[in-house]
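Single-structure report; data block below.
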Amino acid sequence: MKKAAIFVMIIFTTLSCKTIEDMNGNYKVTTVGDNNYGEYDITLNIETDGTVNRISGKSACNQYSGEFKYQGTSIEIGPLMGTKMYCRELDKIERDYTVHLAKSVQVKPTEDGLELFDESGTLTIKAIKIK
């Protein structure tokens with residue numbers, strides 16, 4: 001029991017010490033709001049290089065990119081630009097994803113990826129890091 005408690009404390013400390021730079025990489029979005037979108041091609045890429053913080057990916061049909069600011073776990077996603085293909089069967093899913101992404105103001109690392117939350121602390125997006 002004591003070993004389990006120590007292990008949990010080590011894991012919690014490791015995860016809570018991650019910075020946004022540690023979260024650089026490519027992610028597969030699995031959950032948007034209450035919806036499981038794991039079967040769709042939705043990706044989230046984070047790139048920080050000390051001067052520019054970029055966010056990009058695929059929103060089921062279109063590619064998007066933009067910049068973001070962060071301090072601690074707080075994030076502010078700037079205006080996003082994207083391609084303008086029309087995919088009738090994916091339109092609702094894509095719109096749902098981009099609305100939830102725009103509402104996201106906090107990022108937290110998880111054991112296998114990251115989670116984004118809105119101002120009220122509600123989960124907006126869950127993503128798994130692509131290895």
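Residue numbers start at 1 in each chain; chains themselves are named A, B, ... in the order of the structure tokens; ligands are numbered from 1 in the order shown.
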
Can you build me a table of stretch 26-65 of chain A residues sitting at most 7 Å from stretch 72-87 of chain A, with the closest atom pair per residue and its distance in Å to one decimal, using only C-alpha atoms, sorted by chain and residue number, as CSV?
residue,atom,partner,partner_atom,distance
A:Cys61,CA,A:Cys87,CA,6.2
A:Asn62,CA,A:Thr83,CA,5.3
A:Gln63,CA,A:Gly82,CA,5.4
A:Tyr64,CA,A:Gly82,CA,4.1
A:Ser65,CA,A:Leu80,CA,5.5

Could those residues be written to a file, using N, CA and C atoms, as an mmCIF file, in the first residue's frame?
data_model
loop_
_atom_site.group_PDB
_atom_site.id
_atom_site.type_symbol
_atom_site.label_atom_id
_atom_site.label_comp_id
_atom_site.auth_asym_id
_atom_site.auth_seq_id
_atom_site.Cartn_x
_atom_site.Cartn_y
_atom_site.Cartn_z
ATOM 1 N N CYS A 61 -11.993 17.484 -41.811
ATOM 2 C CA CYS A 61 -11.990 17.699 -43.260
ATOM 3 C C CYS A 61 -10.872 18.661 -43.664
ATOM 4 N N ASN A 62 -10.786 19.765 -42.972
ATOM 5 C CA ASN A 62 -9.851 20.834 -43.323
ATOM 6 C C ASN A 62 -8.633 20.879 -42.417
ATOM 7 N N GLN A 63 -7.573 21.472 -42.926
ATOM 8 C CA GLN A 63 -6.369 21.759 -42.148
ATOM 9 C C GLN A 63 -6.548 23.125 -41.493
ATOM 10 N N TYR A 64 -5.996 23.308 -40.299
ATOM 11 C CA TYR A 64 -6.053 24.603 -39.623
ATOM 12 C C TYR A 64 -4.702 24.894 -38.992
ATOM 13 N N SER A 65 -4.455 26.177 -38.722
ATOM 14 C CA SER A 65 -3.241 26.561 -37.995
ATOM 15 C C SER A 65 -3.419 27.957 -37.432
#

*asked:* For A:Leu123, find every residue with an atom within 10 Å (counting only C-alpha atoms), except residues of its own chain fewer than 6 positions away, and show them as a list in words.
replied: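 The filter keeps Thr31, Val32, Gly33, Asp34, His100, Ser104, Gln106, Val107, Glu115, Leu116 and Phe117 of chain A.
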
Export all heavy atoms of the chosen residues as a short mmCIF file (atom, residue, chain, number, x, y, z; two decimals), in the first residue's frame?
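Result file part_14.cif:
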data_model
loop_
_atom_site.label_atom_id
_atom_site.label_comp_id
_atom_site.auth_asym_id
_atom_site.auth_seq_id
_atom_site.Cartn_x
_atom_site.Cartn_y
_atom_site.Cartn_z
N THR A 31 -11.86 12.82 -28.05
CA THR A 31 -13.10 13.29 -27.45
C THR A 31 -13.25 14.79 -27.65
O THR A 31 -12.30 15.55 -27.44
CB THR A 31 -13.13 12.98 -25.93
OG1 THR A 31 -12.88 11.59 -25.75
CG2 THR A 31 -14.45 13.34 -25.31
N VAL A 32 -14.44 15.20 -28.05
CA VAL A 32 -14.78 16.63 -28.18
C VAL A 32 -16.08 16.83 -27.42
O VAL A 32 -17.12 16.28 -27.79
CB VAL A 32 -14.94 17.04 -29.66
CG1 VAL A 32 -15.38 18.49 -29.75
CG2 VAL A 32 -13.65 16.81 -30.44
N GLY A 33 -16.00 17.60 -26.31
CA GLY A 33 -17.18 17.74 -25.45
C GLY A 33 -17.57 16.37 -24.93
O GLY A 33 -16.75 15.65 -24.37
N ASP A 34 -18.81 15.99 -25.16
CA ASP A 34 -19.30 14.67 -24.74
C ASP A 34 -19.24 13.64 -25.86
O ASP A 34 -19.73 12.52 -25.69
CB ASP A 34 -20.76 14.79 -24.27
CG ASP A 34 -20.90 15.61 -23.00
OD1 ASP A 34 -19.94 15.61 -22.20
OD2 ASP A 34 -21.95 16.25 -22.81
N HIS A 100 -15.28 23.93 -29.87
CA HIS A 100 -14.69 23.50 -28.60
C HIS A 100 -13.23 23.95 -28.48
O HIS A 100 -12.78 24.32 -27.39
CB HIS A 100 -14.81 21.99 -28.43
CG HIS A 100 -16.14 21.56 -27.92
ND1 HIS A 100 -17.22 21.37 -28.76
CD2 HIS A 100 -16.58 21.30 -26.67
CE1 HIS A 100 -18.26 21.01 -28.04
NE2 HIS A 100 -17.90 20.97 -26.76
N SER A 104 -11.44 26.66 -25.47
CA SER A 104 -10.44 26.09 -24.56
C SER A 104 -9.53 27.17 -23.99
O SER A 104 -8.99 27.98 -24.74
CB SER A 104 -9.61 25.04 -25.29
OG SER A 104 -10.44 23.99 -25.74
N GLN A 106 -7.58 26.24 -20.89
CA GLN A 106 -6.63 25.58 -20.00
C GLN A 106 -6.22 24.24 -20.60
O GLN A 106 -7.04 23.55 -21.21
CB GLN A 106 -7.25 25.35 -18.63
CG GLN A 106 -6.26 24.81 -17.61
CD GLN A 106 -6.89 24.70 -16.23
OE1 GLN A 106 -8.07 24.43 -16.10
NE2 GLN A 106 -6.09 24.91 -15.20
N VAL A 107 -4.94 23.90 -20.44
CA VAL A 107 -4.42 22.62 -20.93
C VAL A 107 -3.79 21.87 -19.76
O VAL A 107 -3.11 22.47 -18.93
CB VAL A 107 -3.41 22.83 -22.08
CG1 VAL A 107 -2.22 23.66 -21.64
CG2 VAL A 107 -2.95 21.50 -22.65
N GLU A 115 -5.47 17.20 -22.16
CA GLU A 115 -6.88 17.57 -22.10
C GLU A 115 -6.97 19.08 -22.09
O GLU A 115 -6.15 19.76 -21.46
CB GLU A 115 -7.54 17.01 -20.84
CG GLU A 115 -7.59 15.50 -20.80
CD GLU A 115 -8.17 14.94 -19.52
OE1 GLU A 115 -8.13 15.63 -18.48
OE2 GLU A 115 -8.67 13.80 -19.58
N LEU A 116 -7.98 19.61 -22.77
CA LEU A 116 -8.26 21.03 -22.80
C LEU A 116 -9.58 21.28 -22.08
O LEU A 116 -10.50 20.45 -22.17
CB LEU A 116 -8.34 21.55 -24.23
CG LEU A 116 -7.09 21.36 -25.09
CD1 LEU A 116 -7.36 21.77 -26.53
CD2 LEU A 116 -5.93 22.16 -24.54
N PHE A 117 -9.68 22.42 -21.40
CA PHE A 117 -10.87 22.75 -20.62
C PHE A 117 -11.32 24.18 -20.93
O PHE A 117 -10.50 25.03 -21.28
CB PHE A 117 -10.56 22.64 -19.12
CG PHE A 117 -10.18 21.27 -18.70
CD1 PHE A 117 -8.86 20.83 -18.77
CD2 PHE A 117 -11.13 20.38 -18.24
CE1 PHE A 117 -8.50 19.55 -18.39
CE2 PHE A 117 -10.79 19.09 -17.86
CZ PHE A 117 -9.47 18.68 -17.94
#

_Nearest candidate to A:Tyr27 (options A:Asn45, A:Tyr40, A:Gln71, A:Lys126; using only C-alpha atoms)_ =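 Result for the nearest residue to A:Tyr27: A:Asn45.
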
*Where in chain A does DSSP assign alpha helix (DSSP H), given as a ChimeraX atom specification?*
/A:2-16,91-103

*asked:* Run DSSP on the backbone and tell me which residues of stretch 1-130 of chain A come out as strand (DSSP E); list them as a ChimeraX atom specification.
replied: /A:25-32,35-36,43-48,53-58,63-71,74-82,106-109,113-117,123-129

_One number please: atom CA of A:Leu90 to atom CA of A:Ser59, in Å, one decimal._
9.1 Å

*Counting only C-alpha atoms, which of A:Glu39, A:Ala60, A:Asn26, A:Ala127 gets nearest to A:Ile93?*
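The answer is A:Ala60, which sits nearest to A:Ile93.
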
*asked:* Would you pick out the contacts of A:Ile55 at 8 Å or less, using only C-alpha atoms, so that residues sharing its chain but fewer than 2 positions from it are not included, and give the list as number ranges by chain?
replied: A: 44-47, 53, 57, 65-68

*From the list A:Asp112, A:Val105, A:Ser120, A:Arg88, which residue is nearest A:Lys28 when using only C-alpha atoms?*
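Smallest distance to A:Lys28 is found for A:Asp112.
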
_For A:Tyr70, the nearest of the candidates A:Glu89, A:Glu94, A:Thr48, A:Thr122, counting only C-alpha atoms_ = A:Thr48

*Using only C-alpha atoms, find the one residue out of A:Gly121, A:Lys58, A:Gly113, A:Lys131 that sits nearest to A:Thr98.*
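Checking each of A:Gly121, A:Lys58, A:Gly113, A:Lys131 against A:Thr98, counting only C-alpha atoms, the winner is A:Lys58.
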
*asked:* What's the separation between atom CA of A:Lys92 and atom CA of A:Asp118, in Å to one decimal place?
replied: 20.1 Å
